[in-house]
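Source file: query-v5.cif; contents: mmCIF, C-alpha atoms and all ligand atoms.
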data_query
#
loop_
_atom_site.label_atom_id
_atom_site.label_comp_id
_atom_site.auth_asym_id
_atom_site.auth_seq_id
_atom_site.Cartn_x
_atom_site.Cartn_y
_atom_site.Cartn_z
CA MET J 1 -18.13 -7.04 11.60
CA THR J 2 -16.24 -5.09 14.20
CA ALA J 3 -12.47 -5.27 14.50
CA LYS J 4 -10.95 -7.54 17.12
CA LEU J 5 -8.82 -6.08 19.89
CA ASN J 6 -5.73 -7.86 21.19
CA VAL J 7 -4.38 -6.11 24.27
CA ASN J 8 -0.60 -5.89 24.46
CA ILE J 9 0.28 -6.33 28.14
CA ASP J 10 4.07 -5.88 27.88
CA HIS J 11 3.97 -2.84 30.12
CA VAL J 12 2.54 -4.81 33.03
CA ALA J 13 5.79 -6.78 32.86
CA THR J 14 7.72 -3.52 32.44
CA ILE J 15 6.47 -2.41 35.88
CA ARG J 16 7.26 -5.81 37.39
CA GLU J 17 10.78 -5.81 35.92
CA ALA J 18 11.42 -2.30 37.29
CA ARG J 19 11.77 -4.06 40.66
CA LYS J 20 12.57 -7.56 39.43
CA THR J 21 9.74 -8.79 41.59
CA ILE J 22 6.51 -10.77 41.14
CA GLU J 23 3.95 -7.97 40.84
CA PRO J 24 1.96 -6.80 39.00
CA SER J 25 1.01 -10.23 37.70
CA ILE J 26 0.95 -10.62 33.96
CA ILE J 27 -1.43 -13.54 34.40
CA THR J 28 -3.95 -11.47 36.36
CA ALA J 29 -3.64 -8.79 33.66
CA ALA J 30 -4.38 -11.30 30.90
CA VAL J 31 -7.43 -12.66 32.72
CA ILE J 32 -8.83 -9.17 33.37
CA CYS J 33 -8.37 -8.22 29.69
CA GLU J 34 -10.20 -11.35 28.61
CA GLN J 35 -13.00 -10.77 31.13
CA ALA J 36 -13.37 -7.22 29.82
CA GLY J 37 -13.96 -8.61 26.33
CA ALA J 38 -10.54 -8.49 24.64
CA ASN J 39 -10.29 -10.93 21.75
CA GLY J 40 -6.70 -11.80 22.51
CA ILE J 41 -3.52 -11.11 24.45
CA THR J 42 -0.34 -9.92 22.75
CA VAL J 43 3.15 -9.93 24.27
CA HIS J 44 6.57 -9.22 22.79
CA LEU J 45 9.39 -11.52 23.85
CA ARG J 46 12.39 -9.32 23.17
CA GLY J 47 15.94 -10.58 22.76
CA ASP J 48 17.00 -8.42 25.74
CA ARG J 49 14.06 -9.70 27.90
CA ARG J 50 13.41 -6.15 29.09
CA HIS J 51 9.81 -6.92 30.02
CA ILE J 52 8.28 -10.28 29.05
CA GLN J 53 10.32 -13.33 30.19
CA ASP J 54 10.35 -16.86 28.75
CA ARG J 55 8.40 -18.14 31.77
CA ASP J 56 5.63 -15.59 31.08
CA ILE J 57 5.04 -17.14 27.68
CA GLU J 58 4.72 -20.61 29.22
CA LEU J 59 2.30 -19.38 31.90
CA LEU J 60 0.26 -17.32 29.45
CA ARG J 61 0.00 -20.33 27.15
CA ASP J 62 -1.68 -22.22 29.99
CA VAL J 63 -3.96 -19.38 31.06
CA VAL J 64 -5.03 -17.46 27.95
CA THR J 65 -8.25 -18.94 26.57
CA THR J 66 -8.92 -16.42 23.81
CA TYR J 67 -5.90 -15.97 21.55
CA LEU J 68 -2.23 -15.67 22.43
CA ASN J 69 -0.17 -13.66 19.98
CA VAL J 70 3.58 -13.48 20.60
CA GLU J 71 5.64 -10.83 18.84
CA MET J 72 9.23 -11.82 18.19
CA ALA J 73 12.22 -11.30 15.91
CA ALA J 74 12.74 -13.88 13.17
CA THR J 75 15.73 -15.48 14.92
CA GLU J 76 16.49 -19.15 15.49
CA GLU J 77 16.22 -18.67 19.27
CA MET J 78 12.76 -17.08 19.07
CA VAL J 79 11.38 -19.53 16.53
CA GLY J 80 12.58 -22.35 18.81
CA ILE J 81 10.68 -20.85 21.76
CA ALA J 82 7.53 -20.52 19.64
CA LEU J 83 7.76 -24.11 18.46
CA ARG J 84 8.04 -25.26 22.09
CA THR J 85 5.32 -23.07 23.61
CA LYS J 86 2.88 -23.02 20.68
CA PRO J 87 1.14 -19.64 20.90
CA ASP J 88 -1.90 -19.29 18.63
CA ALA J 89 -0.06 -16.71 16.55
CA VAL J 90 3.41 -15.31 16.09
CA SER J 91 3.95 -11.79 14.79
CA LEU J 92 7.37 -11.32 13.29
CA VAL J 93 8.78 -7.89 14.12
CA PRO J 94 12.12 -6.14 13.59
CA GLU J 95 14.23 -5.58 16.68
CA SER J 96 17.24 -3.44 17.44
CA PRO J 97 18.86 -3.45 20.88
CA ASN J 98 18.75 0.29 21.66
CA GLU J 99 15.23 1.10 20.48
CA VAL J 100 12.68 2.32 23.05
CA THR J 101 9.97 0.38 21.19
CA THR J 102 9.63 -1.30 17.79
CA GLU J 103 10.68 1.21 15.15
CA GLY J 104 8.74 0.66 11.94
CA GLY J 105 7.91 -2.55 10.15
CA LEU J 106 10.07 -5.53 9.30
CA ASN J 107 11.89 -5.19 5.98
CA VAL J 108 10.70 -8.45 4.43
CA VAL J 109 12.02 -7.50 0.98
CA ASP J 110 15.62 -7.27 2.22
CA ASN J 111 15.41 -10.25 4.60
CA PHE J 112 13.22 -12.47 2.47
CA GLU J 113 14.97 -15.84 2.85
CA ASN J 114 15.38 -15.53 6.61
CA VAL J 115 11.74 -14.45 7.08
CA LYS J 116 10.44 -17.16 4.75
CA ASP J 117 12.40 -19.79 6.66
CA ALA J 118 10.92 -18.63 9.99
CA VAL J 119 7.39 -18.48 8.55
CA THR J 120 7.71 -22.00 7.12
CA LYS J 121 8.88 -23.49 10.44
CA LEU J 122 6.12 -21.75 12.39
CA ARG J 123 3.38 -22.66 9.94
CA ASP J 124 4.55 -26.28 9.78
CA ALA J 125 3.95 -26.37 13.55
CA GLY J 126 0.39 -25.08 13.08
CA ILE J 127 1.12 -21.56 14.30
CA PHE J 128 -0.65 -18.67 12.56
CA VAL J 129 1.91 -16.17 11.24
CA SER J 130 1.57 -12.42 10.95
CA ILE J 131 4.32 -10.02 9.84
CA PHE J 132 4.54 -6.45 11.10
CA ILE J 133 5.32 -4.25 8.08
CA ASP J 134 5.03 -0.68 6.91
CA PRO J 135 1.92 0.02 4.79
CA ASP J 136 3.83 -0.54 1.57
CA THR J 137 2.84 -2.62 -1.48
CA GLU J 138 6.27 -4.23 -1.96
CA GLN J 139 6.45 -5.29 1.68
CA ILE J 140 2.94 -6.74 1.53
CA ASN J 141 3.83 -8.71 -1.61
CA ALA J 142 6.99 -10.00 0.07
CA ALA J 143 5.05 -11.00 3.22
CA LYS J 144 2.62 -12.93 1.02
CA GLY J 145 5.51 -14.54 -0.86
CA ALA J 146 7.12 -15.56 2.43
CA GLY J 147 3.94 -17.44 3.33
CA ALA J 148 2.47 -15.23 6.08
CA GLN J 149 -1.30 -15.44 6.56
CA GLN J 150 -1.58 -11.93 8.00
CA VAL J 151 0.11 -8.57 7.83
CA GLU J 152 0.01 -6.12 10.70
CA LEU J 153 0.30 -2.64 9.23
CA CYS J 154 2.58 -0.37 11.24
CA THR J 155 0.67 2.73 12.33
CA ALA J 156 3.65 4.45 13.97
CA GLU J 157 3.71 7.23 11.36
CA TYR J 158 -0.04 7.79 11.72
CA ALA J 159 0.35 7.83 15.51
CA GLU J 160 3.11 10.43 15.31
CA LEU J 161 0.98 12.65 13.05
CA THR J 162 -2.01 12.48 15.40
CA LEU J 163 -0.13 12.66 18.70
CA SER J 164 -0.65 16.27 19.72
CA SER J 165 -3.63 18.57 19.35
CA ARG J 166 -1.41 20.84 17.23
CA ALA J 167 -1.03 18.03 14.69
CA ALA J 168 -4.81 17.79 14.41
CA HIS J 169 -5.09 21.09 12.56
CA GLY J 170 -4.03 22.51 9.20
CA GLU J 171 -1.07 20.84 7.54
CA GLY J 172 -0.87 18.22 10.30
CA GLU J 173 -4.46 17.22 9.67
CA GLN J 174 -3.78 16.81 5.94
CA LYS J 175 -0.70 14.69 6.59
CA ALA J 176 -2.64 12.46 8.98
CA ALA J 177 -5.42 12.09 6.37
CA ALA J 178 -2.82 11.16 3.71
CA GLU J 179 -1.30 8.55 6.03
CA THR J 180 -4.78 7.16 6.75
CA GLU J 181 -5.23 6.75 2.99
CA ARG J 182 -1.84 5.04 2.70
CA ILE J 183 -2.94 2.55 5.37
CA ARG J 184 -6.34 2.07 3.69
CA THR J 185 -4.70 1.39 0.28
CA ALA J 186 -2.29 -1.10 1.88
CA ALA J 187 -5.14 -2.84 3.72
CA ILE J 188 -7.16 -3.18 0.51
CA HIS J 189 -4.12 -4.58 -1.33
CA ALA J 190 -3.29 -7.12 1.40
CA LYS J 191 -6.91 -8.26 1.55
CA SER J 192 -7.00 -8.64 -2.24
CA LEU J 193 -4.08 -11.10 -1.88
CA GLY J 194 -6.16 -13.15 0.54
CA MET J 195 -4.37 -11.96 3.65
CA ILE J 196 -5.91 -11.00 6.96
CA VAL J 197 -5.12 -7.40 7.90
CA ALA J 198 -4.23 -6.16 11.37
CA ALA J 199 -2.82 -2.81 12.46
CA GLY J 200 -1.03 -1.42 15.45
CA HIS J 201 1.55 0.77 17.13
CA GLY J 202 0.87 4.02 18.92
CA LEU J 203 -2.91 3.74 18.62
CA THR J 204 -4.99 5.58 21.21
CA TYR J 205 -8.59 6.22 22.26
CA ARG J 206 -8.30 9.49 20.34
CA ASN J 207 -6.75 8.35 17.05
CA ILE J 208 -8.30 4.89 16.56
CA GLY J 209 -11.51 6.28 15.01
CA ALA J 210 -10.27 6.92 11.46
CA LEU J 211 -8.57 3.52 11.29
CA SER J 212 -11.46 1.56 12.77
CA ALA J 213 -13.50 2.88 9.82
CA ILE J 214 -11.22 0.93 7.43
CA THR J 215 -13.24 -2.28 7.22
CA GLU J 216 -10.38 -4.31 5.68
CA ILE J 217 -8.57 -4.05 9.05
CA THR J 218 -10.04 -6.76 11.24
CA GLU J 219 -7.65 -6.70 14.21
CA PHE J 220 -5.88 -4.10 16.31
CA ASN J 221 -2.96 -4.68 18.67
CA ILE J 222 -2.87 -1.93 21.28
CA GLY J 223 -0.80 -1.70 24.44
CA HIS J 224 0.74 1.47 25.77
CA ASN J 225 -2.37 3.65 25.73
CA ILE J 226 -4.58 1.01 27.38
CA ILE J 227 -2.08 0.18 30.14
CA SER J 228 -1.49 3.92 30.71
CA ARG J 229 -5.21 4.56 31.13
CA SER J 230 -5.57 1.52 33.38
CA VAL J 231 -3.40 3.27 35.98
CA PHE J 232 -6.27 5.72 36.52
CA VAL J 233 -9.45 3.80 35.73
CA GLY J 234 -8.43 0.16 36.17
CA LEU J 235 -7.59 -2.38 33.47
CA ASN J 236 -11.11 -3.72 32.99
CA GLN J 237 -12.55 -0.30 32.23
CA ALA J 238 -9.57 0.74 30.10
CA VAL J 239 -10.04 -2.34 27.90
CA ARG J 240 -13.81 -1.85 27.65
CA GLU J 241 -13.33 1.75 26.54
CA MET J 242 -10.89 0.69 23.80
CA ILE J 243 -13.24 -2.05 22.58
CA GLU J 244 -15.92 0.62 22.22
CA ALA J 245 -13.49 2.92 20.40
CA CYS J 246 -12.60 0.11 17.94
CA GLN J 247 -16.27 -0.29 17.02
CA ASN J 248 -16.61 3.06 15.30
CA ARG J 249 -17.56 1.71 11.85
N1 LIG J 301 2.13 -4.05 17.22
C1 LIG J 301 3.46 -4.31 17.28
C2 LIG J 301 4.06 -5.17 16.23
C3 LIG J 301 4.25 -3.79 18.32
O1 LIG J 301 5.57 -4.06 18.35
C4 LIG J 301 3.64 -3.03 19.33
C5 LIG J 301 4.47 -2.51 20.47
O2 LIG J 301 4.96 -3.58 21.20
C6 LIG J 301 2.25 -2.81 19.24
C7 LIG J 301 1.53 -3.30 18.16
C8 LIG J 301 1.52 -2.02 20.26
O3 LIG J 301 1.97 -0.71 20.27
P1 LIG J 301 1.51 0.28 21.42
O4 LIG J 301 2.06 -0.25 22.69
O5 LIG J 301 2.09 1.58 21.01
O6 LIG J 301 0.01 0.27 21.41
#

Please rewrite the model in this file as structure tokens.
Ligand code: PXP
Amino acid sequence: MTAKLNVNIDHVATIREARKTIEPSIITAAVICEQAGANGITVHLRGDRRHIQDRDIELLRDVVTTYLNVEMAATEEMVGIALRTKPDAVSLVPESPNEVTTEGGLNVVDNFENVKDAVTKLRDAGIFVSIFIDPDTEQINAAKGAGAQQVELCTAEYAELTLSSRAAHGEGEQKAAAETERIRTAAIHAKSLGMIVAAGHGLTYRNIGALSAITEITEFNIGHNIISRSVFVGLNQAVREMIEACQNR
């Protein structure tokens, strides 16, 4: 079985919000991704609404026919929006106001009661719940204890280690291989607990190969690299190329 690809289209909204206008359309982007073969659409509704807006979630809910995954912080406001709009899945992520993008996984161990409360409300409404965590045994156990059906393993560290061609040699190569093993071990552990395993953050056409070979990972959430490439080759082709890259098993 090949891994599923959910395309994160936040950056289409980032361009739109740069001018506070109506283009490029997030809806057109979602439809093109689906037509290109994406298994789902992911968006992150941030507290500061820097890209995706509340109305986008409502429109996407009407338009997305594959799978709508909304990333959000485990706050009362966000859970309320999810309960109203009913995406197929919610991915709970940490959020801090000044970050450029999500920095690492959610600390479920330290925020257990709050996370469990959010998971319970979402699951009671029939929404599938994933938690974005670092590839760490304790965090996986806590996510399971909180009632999540899926963990999304944070690949930010792996992405950093594989970012430049310099990192792909010598010591850098060894560190990247060690991080790949950390992710593999975490994926095996989460699966052994009966959880579905996803991964994401900073993944690219160049670094996805080693992770797509980890068969316990059955879903990838990828945004920045696909939207960046789409500027030059178009969104349909950019998505198709990433689907192909995810099939390296
Ligand atoms: N998964 C999660 C939980 C994220 O927060 C993000 C970034 O929004 C991604 C995956 C996608 O990361 P990238 O845009 O670097 O591919």

Option closest in space to ligand LIG 301 (chain J), from J:Ile22, J:Ala142, J:Leu153, J:Ala213 [counting only C-alpha atoms and all ligand atoms]: J:Leu153

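If all atoms listed in the file are the atoms counted, then among J:Val151, J:Ile243, J:Leu83, J:Ala118 the closest residue to Ile188 in chain J is J:Val151.
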
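Between Ala176 in chain J and the residues J:Leu211, J:Ile133, J:Leu235, J:Cys154, the shortest atom-to-atom distance, using only C-alpha atoms, involves J:Leu211.
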
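Distances from J:Asn225, J:Asn8, J:Gln53, J:Thr102 to Ile81 in chain J were compared using only C-alpha atoms, and the smallest one belongs to J:Gln53.
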
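Between CA of Ile52 in chain J and CA of Val233 in chain J the separation is 23.6 Å.
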
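The two atoms in question, CA of Ile32 in chain J and CA of Leu60 in chain J, are spaced 12.8 Å apart.
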
Atom pair CA of Ile41 in chain J / CA of Phe220 in chain J: separation (Å): 11.0 Å

Contacts with ligand LIG 301 (chain J) at most 10 Å, only C-alpha atoms and all ligand atoms counted, listed as an MDAnalysis selection string: chainID J and resid 6:11 42:46 70:72 91:95 100:106 130:133 151:156 159 198:204 220:228

Print the selection's residues with C-alpha atoms to a file, as an mmCIF file, keeping the file's coordinate frame.
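Writing the result to part_2.cif gives the following:
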data_model
loop_
_atom_site.group_PDB
_atom_site.id
_atom_site.type_symbol
_atom_site.label_atom_id
_atom_site.label_comp_id
_atom_site.auth_asym_id
_atom_site.auth_seq_id
_atom_site.Cartn_x
_atom_site.Cartn_y
_atom_site.Cartn_z
ATOM 1 C CA ASN J 6 -5.730 -7.860 21.190
ATOM 2 C CA VAL J 7 -4.380 -6.110 24.270
ATOM 3 C CA ASN J 8 -0.600 -5.890 24.460
ATOM 4 C CA ILE J 9 0.280 -6.330 28.140
ATOM 5 C CA ASP J 10 4.070 -5.880 27.880
ATOM 6 C CA HIS J 11 3.970 -2.840 30.120
ATOM 7 C CA THR J 42 -0.340 -9.920 22.750
ATOM 8 C CA VAL J 43 3.150 -9.930 24.270
ATOM 9 C CA HIS J 44 6.570 -9.220 22.790
ATOM 10 C CA LEU J 45 9.390 -11.520 23.850
ATOM 11 C CA ARG J 46 12.390 -9.320 23.170
ATOM 12 C CA VAL J 70 3.580 -13.480 20.600
ATOM 13 C CA GLU J 71 5.640 -10.830 18.840
ATOM 14 C CA MET J 72 9.230 -11.820 18.190
ATOM 15 C CA SER J 91 3.950 -11.790 14.790
ATOM 16 C CA LEU J 92 7.370 -11.320 13.290
ATOM 17 C CA VAL J 93 8.780 -7.890 14.120
ATOM 18 C CA PRO J 94 12.120 -6.140 13.590
ATOM 19 C CA GLU J 95 14.230 -5.580 16.680
ATOM 20 C CA VAL J 100 12.680 2.320 23.050
ATOM 21 C CA THR J 101 9.970 0.380 21.190
ATOM 22 C CA THR J 102 9.630 -1.300 17.790
ATOM 23 C CA GLU J 103 10.680 1.210 15.150
ATOM 24 C CA GLY J 104 8.740 0.660 11.940
ATOM 25 C CA GLY J 105 7.910 -2.550 10.150
ATOM 26 C CA LEU J 106 10.070 -5.530 9.300
ATOM 27 C CA SER J 130 1.570 -12.420 10.950
ATOM 28 C CA ILE J 131 4.320 -10.020 9.840
ATOM 29 C CA PHE J 132 4.540 -6.450 11.100
ATOM 30 C CA ILE J 133 5.320 -4.250 8.080
ATOM 31 C CA VAL J 151 0.110 -8.570 7.830
ATOM 32 C CA GLU J 152 0.010 -6.120 10.700
ATOM 33 C CA LEU J 153 0.300 -2.640 9.230
ATOM 34 C CA CYS J 154 2.580 -0.370 11.240
ATOM 35 C CA THR J 155 0.670 2.730 12.330
ATOM 36 C CA ALA J 156 3.650 4.450 13.970
ATOM 37 C CA ALA J 159 0.350 7.830 15.510
ATOM 38 C CA ALA J 198 -4.230 -6.160 11.370
ATOM 39 C CA ALA J 199 -2.820 -2.810 12.460
ATOM 40 C CA GLY J 200 -1.030 -1.420 15.450
ATOM 41 C CA HIS J 201 1.550 0.770 17.130
ATOM 42 C CA GLY J 202 0.870 4.020 18.920
ATOM 43 C CA LEU J 203 -2.910 3.740 18.620
ATOM 44 C CA THR J 204 -4.990 5.580 21.210
ATOM 45 C CA PHE J 220 -5.880 -4.100 16.310
ATOM 46 C CA ASN J 221 -2.960 -4.680 18.670
ATOM 47 C CA ILE J 222 -2.870 -1.930 21.280
ATOM 48 C CA GLY J 223 -0.800 -1.700 24.440
ATOM 49 C CA HIS J 224 0.740 1.470 25.770
ATOM 50 C CA ASN J 225 -2.370 3.650 25.730
ATOM 51 C CA ILE J 226 -4.580 1.010 27.380
ATOM 52 C CA ILE J 227 -2.080 0.180 30.140
ATOM 53 C CA SER J 228 -1.490 3.920 30.710
#

Contacts of Asn114 in chain J within 10 Å, only C-alpha atoms, excl. fewer than 6 positions in-chain, as a list in words: Ala74, Thr75, Glu76, Val108 and Ala146 of chain J

Closest of J:Thr218, J:Asn107, J:Ser25, J:Asn69 to Val197 in chain J - atom-to-atom distances counting only C-alpha atoms: J:Thr218

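Counting all atoms listed in the file and comparing J:Glu216, J:Ala245, J:Arg50, J:Ser230, the residue that lies closest to Lys20 in chain J is J:Arg50.
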
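Distance cut-off 10 Å, centre (4.0, -14.3, 4.0), atoms counted only C-alpha atoms; the residues meeting this are Val108, Phe112, Val115, Lys116, Val119, Thr120, Val129, Ser130, Ile131, Gln139, Ile140, Asn141, Ala142, Ala143, Lys144, Gly145, Ala146, Gly147, Ala148, Gln149, Gln150, Val151 and Met195 of chain J.
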
Enclose all atoms of range 130-149 of chain J listed in the file in an axis-aligned box, grow every side by 5 Å, and hand back centre and edge lengths in Å to one decimal, as AutoDock Vina command-line options.
--center_x 2.9 --center_y -8.7 --center_z 4.6 --size_x 18.4 --size_y 27.5 --size_z 23.1

Exercise: Glu244 in chain J partners within 12 Å, all atoms listed in the file, chain neighbours under 4 positions left out, as a ChimeraX atom specification: /J:2-5,36-38,205-206,208-209,212,237-240,248-249

Residues near Val12 in chain J, cut-off 7 Å, only C-alpha atoms, skip fewer than 3 positions along chain, as a ChimeraX atom specification: /J:9,15-16,24,26
